[in-house]
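**Q** Below you will find the structure I want to go over with you.
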Amino acid sequence: MAKFLSRLGAFSARHRALVFASWGLILVIVVFGTVTGMKTSEGGFSLSSTESGRALEVMQKEFPATATDDTKGTLQLVLTAPDGQKITGTANRKLVAGAIADVAKIEHVAAVADPFAKERPYVSADGTTAVATVTLTGLSDDTDTDTIYDEVLAVAEQARDTGLGAEVGGTIGDQTPAQSPAEGIGAVIAFVILIVTFGSLVAAGANMLGALIGLATGLLGVFALSAWHPIGSTTPTLAGMIGLAVGIDYGLFILARFRTELREGRSINDAVARSIGTAGSAVVFAGATVIIALVGLSVVRIPFITEMGIAAAVTVATTMLMALTFLPALMGAMGYRVLSRRERRLIKQGTPLQQQAAQRGRRRSFLNGWIKVVVKAPLPIAALAIGGLLFLSVPTMHLQTALSTPGGEDPAGTQRAAYNLIADKFGAGTQGALIVLVEGNNVKTAIEQVTAELGSLDDVASVTAAGVNQAGTVAMVQVIPSSGPIDDATRDLVRTIRDHADDVSGVSLAVTGSTAVDIDTNDMLNKALIIYLVLVVSLAFVLLVILFRSLLVPLVGTLGFLLSLGTAFGVTVGVFQDGWADSLIPAPAGNPILSLLPILIVGILFGLAMDYQVFLVSRMHEAHSRGLDPHDAIVDGFKRTAVVVVAAALIMVSVFAGFALAESPFVAAIGFALATGVLADAFIVRMILVPAVLKLLGEAAWWMPRWLDRILPNIDAEGRALEDTGQPAPQEALADAGVR
């Protein structure tokens, strides 16, 4: 692989005009495809593979009136009387009637239910609270739902001015919070880190340019492909987040190796070829692991998750292709300008390369001292690192997940206040009703027995027969739980009903409705998380065994990933579920973690962890293969790559931290978890724990059974197959290249 990539890099450098033109043409094609064919969709979470999903399809078929109409929507205007008064009082009823009349005048409002209507009253038992259901119609993608919602909020504010309490429950349209400008700031910080790392604006600019082109091509390609398969509006978020981060990092690793090759006296074309053959091989291996992990999200069997994983994998593949073709062409064009002005001046003055290396070594004395401390006292340092990561992982033990947060994501918002009022005055389960389908040839005669048995179950507040289809083969029964939609008691009630599905002779029961669908999807995601975690951990171990020709090094790297993952989960639970930093995070805190997040974090963090393992430990492996003893190999490999790994990790953290400051809890939580995981993995696991444990293991770390070594494929991620044929570049080449 190293030889092939080396030839690819050399070809790209020699024919850079062709490479630039090809990437330009690809960009034009995907832009055209995006403009002419991009389609988005808001896919639901109803799953035909679950009982609730299948039952929902039956319900919508047999009772068409229950089918979701995307052109309609509902809100709740929750009105409460002043302290000591009743909402049913004459004066307060007039105020309620006035508020209802004002809401009815708003565009797209089809009807506002009178909470005092005798046929269907919606007034609390204590007479203090009334709920007016607002039905909207004619909604479309072009409808300004934000304006409609704001007008309803304005009516609620007017009601408060009259002395009533007023809150607005429910949402309409897509009211996803706007993204934070800090996301762009994260990219700017990443660029600054590149400048500091390279000491060259040209090199930093090339790195960022390549990453942005790869990201843009990948994302636009995903948008263009949506003409055949519409994508969800949140799908590009994950692709953009990881695509930008790995695009910058892959470019960083290759450019750093290119600069090293130039400093060692190679010509520009030879330095390009060797950097792609060596660092490029590691990029291919690391990128392949990320892609496999992302595509592996399809094991969850949820279209939305599969779509996000594939879109992100496409973007990563594009950025990887950019690093292997566009970047070497750019390096060939830049030549010695990729070095800092000071380095070019020293080369031109004839300063020996060994002296320059010594000067660079002195400037990196902090990291040199870091690794010396680690290998000097590996046991206590390793124990301290493991103990710290385990401590930060503790909150994971009370991780609570949910597909959606009842009452909205903002605990201080009017939607949550309305939800809590209704739950308090009318019962926690009134907003999370279960629909039980009764199917069979004996439905009409069995319905009474079914409702009686359902009413006798624990945690059931009420049971109501809701109708029978024309054929008399399917009936709907509404079950109101005593507990809330995401409470364990409601989940247990669903399971209990299913356990007694065949108790009544001649009919069978199936539970559905939005609450049951959410419960089933959440349970399915949690089960899939375990399967997926086993999959990626096994994959990590196998890939690292093939790469490093060792059993213990992969074991250490894999266990280190689990520690990083636990830390990411633990700190994220503490911040977003427990509210540790509520005043610092713009997104609402105090809610269950979105059930989609853990499995996405596993996939993405696995890929990133493998990046650092490959780039750092491969240099240690390379040094050991050259004959250095384990101690010297660890130090040598660390010194060669630590600066680049630190820069790469800081760039990742900068990008993800920008997303962590978004107002959307989902985007913020995934950005925060990834930033935390990268910090833990790069700075504690890879730069402290792994070197310390490798030092403790000594020569045994690189042991491999001979029979296994013979049957495993040889992946030369370090480029050992490349012949050292490069000739030192004469100093005159600087002048020939126009470098000053």
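Scheme for the structure tokens: letters A, B, ... for chains in order shown; per-chain residue numbers from 1; ligand numbers from 1 in order shown.
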Which polymer residues have any atom within 7 Å of an atom of Met620 of chain A, counting only C-alpha atoms, with same-chain residues fewer than 6 positions away left out, as a PyMOL selection string?

**A** chain A and resi 633-634+636-638

**Q** Mind the document's chain letters and residue numbers, and return as an mmCIF file with N, CA and C atoms, in the first residue's frame the residues of segment 457-687 of chain A that DSSP labels strand (DSSP E or B).

**A**
```
data_model
loop_
_atom_site.group_PDB
_atom_site.id
_atom_site.type_symbol
_atom_site.label_atom_id
_atom_site.label_comp_id
_atom_site.auth_asym_id
_atom_site.auth_seq_id
_atom_site.Cartn_x
_atom_site.Cartn_y
_atom_site.Cartn_z
ATOM 1 N N VAL A 460 -52.535 2.259 35.877
ATOM 2 C CA VAL A 460 -53.533 2.663 34.887
ATOM 3 C C VAL A 460 -54.494 3.649 35.546
ATOM 4 N N ALA A 461 -54.565 4.869 34.970
ATOM 5 C CA ALA A 461 -55.471 5.882 35.512
ATOM 6 C C ALA A 461 -56.876 5.730 34.942
ATOM 7 N N SER A 462 -57.000 5.436 33.656
ATOM 8 C CA SER A 462 -58.311 5.278 33.029
ATOM 9 C C SER A 462 -58.183 4.470 31.747
ATOM 10 N N VAL A 463 -59.292 3.837 31.358
ATOM 11 C CA VAL A 463 -59.357 3.058 30.121
ATOM 12 C C VAL A 463 -60.632 3.454 29.396
ATOM 13 N N THR A 464 -60.514 3.759 28.097
ATOM 14 C CA THR A 464 -61.673 4.185 27.312
ATOM 15 C C THR A 464 -61.673 3.480 25.966
ATOM 16 N N ALA A 465 -62.805 2.833 25.619
ATOM 17 C CA ALA A 465 -62.949 2.244 24.289
ATOM 18 C C ALA A 465 -63.096 3.371 23.280
ATOM 19 N N ALA A 466 -62.231 3.380 22.256
ATOM 20 C CA ALA A 466 -62.177 4.522 21.334
ATOM 21 C C ALA A 466 -62.764 4.240 19.974
ATOM 22 N N GLY A 467 -63.262 3.043 19.728
ATOM 23 C CA GLY A 467 -63.893 2.782 18.437
ATOM 24 C C GLY A 467 -63.564 1.415 17.883
ATOM 25 N N VAL A 468 -64.415 0.960 16.923
ATOM 26 C CA VAL A 468 -64.249 -0.320 16.251
ATOM 27 C C VAL A 468 -64.312 -0.065 14.753
ATOM 28 N N VAL A 474 -61.078 -4.990 14.392
ATOM 29 C CA VAL A 474 -60.063 -4.230 15.130
ATOM 30 C C VAL A 474 -60.751 -3.150 15.948
ATOM 31 N N ALA A 475 -60.355 -3.031 17.210
ATOM 32 C CA ALA A 475 -60.889 -1.990 18.081
ATOM 33 C C ALA A 475 -59.734 -1.230 18.714
ATOM 34 N N MET A 476 -59.974 0.058 18.999
ATOM 35 C CA MET A 476 -58.977 0.887 19.679
ATOM 36 C C MET A 476 -59.422 1.131 21.110
ATOM 37 N N VAL A 477 -58.459 0.988 22.033
ATOM 38 C CA VAL A 477 -58.712 1.281 23.441
ATOM 39 C C VAL A 477 -57.642 2.247 23.917
ATOM 40 N N GLN A 478 -58.068 3.359 24.498
ATOM 41 C CA GLN A 478 -57.111 4.344 25.007
ATOM 42 C C GLN A 478 -56.848 4.073 26.477
ATOM 43 N N VAL A 479 -55.569 3.944 26.820
ATOM 44 C CA VAL A 479 -55.151 3.691 28.198
ATOM 45 C C VAL A 479 -54.340 4.883 28.676
ATOM 46 N N ILE A 480 -54.805 5.537 29.735
ATOM 47 C CA ILE A 480 -54.073 6.662 30.328
ATOM 48 C C ILE A 480 -53.282 6.143 31.521
ATOM 49 N N PRO A 481 -51.950 6.160 31.440
ATOM 50 C CA PRO A 481 -51.138 5.711 32.588
ATOM 51 C C PRO A 481 -51.201 6.737 33.725
ATOM 52 N N VAL A 507 -59.136 -12.849 20.891
ATOM 53 C CA VAL A 507 -58.541 -11.583 20.470
ATOM 54 C C VAL A 507 -57.096 -11.504 20.965
ATOM 55 N N SER A 508 -56.322 -10.614 20.344
ATOM 56 C CA SER A 508 -54.955 -10.338 20.784
ATOM 57 C C SER A 508 -54.781 -8.835 20.923
ATOM 58 N N LEU A 509 -53.859 -8.437 21.790
ATOM 59 C CA LEU A 509 -53.636 -7.017 22.066
ATOM 60 C C LEU A 509 -52.269 -6.578 21.544
ATOM 61 N N ALA A 510 -52.196 -5.357 21.061
ATOM 62 C CA ALA A 510 -50.934 -4.746 20.619
ATOM 63 C C ALA A 510 -50.926 -3.299 21.076
ATOM 64 N N VAL A 511 -49.807 -2.858 21.649
ATOM 65 C CA VAL A 511 -49.709 -1.503 22.201
ATOM 66 C C VAL A 511 -48.979 -0.605 21.214
ATOM 67 N N THR A 512 -49.543 0.563 20.954
ATOM 68 C CA THR A 512 -48.899 1.530 20.064
ATOM 69 C C THR A 512 -49.189 2.937 20.573
ATOM 70 N N ILE A 593 -30.595 12.173 28.446
ATOM 71 C CA ILE A 593 -29.762 12.223 27.249
ATOM 72 C C ILE A 593 -30.543 11.616 26.082
ATOM 73 N N LEU A 594 -30.502 12.288 24.933
ATOM 74 C CA LEU A 594 -31.197 11.765 23.757
ATOM 75 C C LEU A 594 -30.649 10.380 23.433
#
```

**Q** Give me every helix (DSSP H, G or I) residue in segment 98-148 of chain A, going by DSSP on the backbone, as a ChimeraX atom specification.

**A** /A:98-104,145-148

**Q** Find the distance between atom CA of Leu294 of chain A and atom CA of Ala587 of chain A and write it in Å to one decimal.

**A**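 So the answer is 25.9 Å.
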
**Q** Just the number, please: distance in Å from atom CA of Val553 of chain A to atom CA of Ser281 of chain A, one decimal.

**A**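 So the answer is 19.4 Å.
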
**Q** Got a sec: who's within 12 Å of segment 191-204 of chain A, counting only C-alpha atoms, leaving out chain neighbours fewer than 2 positions off, as number ranges by chain?

**A** A: 184-189, 206-212, 244-245, 248-249, 251-260, 327, 330-331, 333-344, 360, 363-364, 642-655

**Q** Please identify all polymer residues within 8 Å of segment 145-156 of chain A, counting only C-alpha atoms, omitting same-chain residues fewer than 5 positions from it, and present them as a PDB file with C-alpha atoms, in the first residue's frame.

**A**
```pdb
ATOM      1  CA  LEU A  77     -53.244  27.410  25.718  1.00  0.00           C
ATOM      2  CA  ALA A  99     -58.042  34.921  24.953  1.00  0.00           C
ATOM      3  CA  ASP A 102     -57.824  36.425  20.054  1.00  0.00           C
ATOM      4  CA  VAL A 103     -56.132  33.111  19.217  1.00  0.00           C
ATOM      5  CA  ILE A 106     -54.510  34.161  14.065  1.00  0.00           C
ATOM      6  CA  GLU A 107     -53.826  32.942  10.538  1.00  0.00           C
ATOM      7  CA  HIS A 108     -53.892  29.144  10.061  1.00  0.00           C
ATOM      8  CA  LEU A 139     -49.249  24.325   7.343  1.00  0.00           C
ATOM      9  CA  ALA A 166     -50.914  31.537  30.836  1.00  0.00           C
ATOM     10  CA  GLU A 167     -48.561  29.050  29.173  1.00  0.00           C
ATOM     11  CA  VAL A 168     -48.412  27.627  25.656  1.00  0.00           C
ATOM     12  CA  THR A 171     -44.788  23.016  19.128  1.00  0.00           C
ATOM     13  CA  ILE A 172     -45.494  23.508  15.443  1.00  0.00           C
ATOM     14  CA  GLY A 173     -43.127  23.285  12.506  1.00  0.00           C
ATOM     15  CA  ASP A 174     -39.382  22.986  12.850  1.00  0.00           C
ATOM     16  CA  GLN A 175     -38.408  25.125  15.831  1.00  0.00           C
TER      17      GLN A 175
END
```
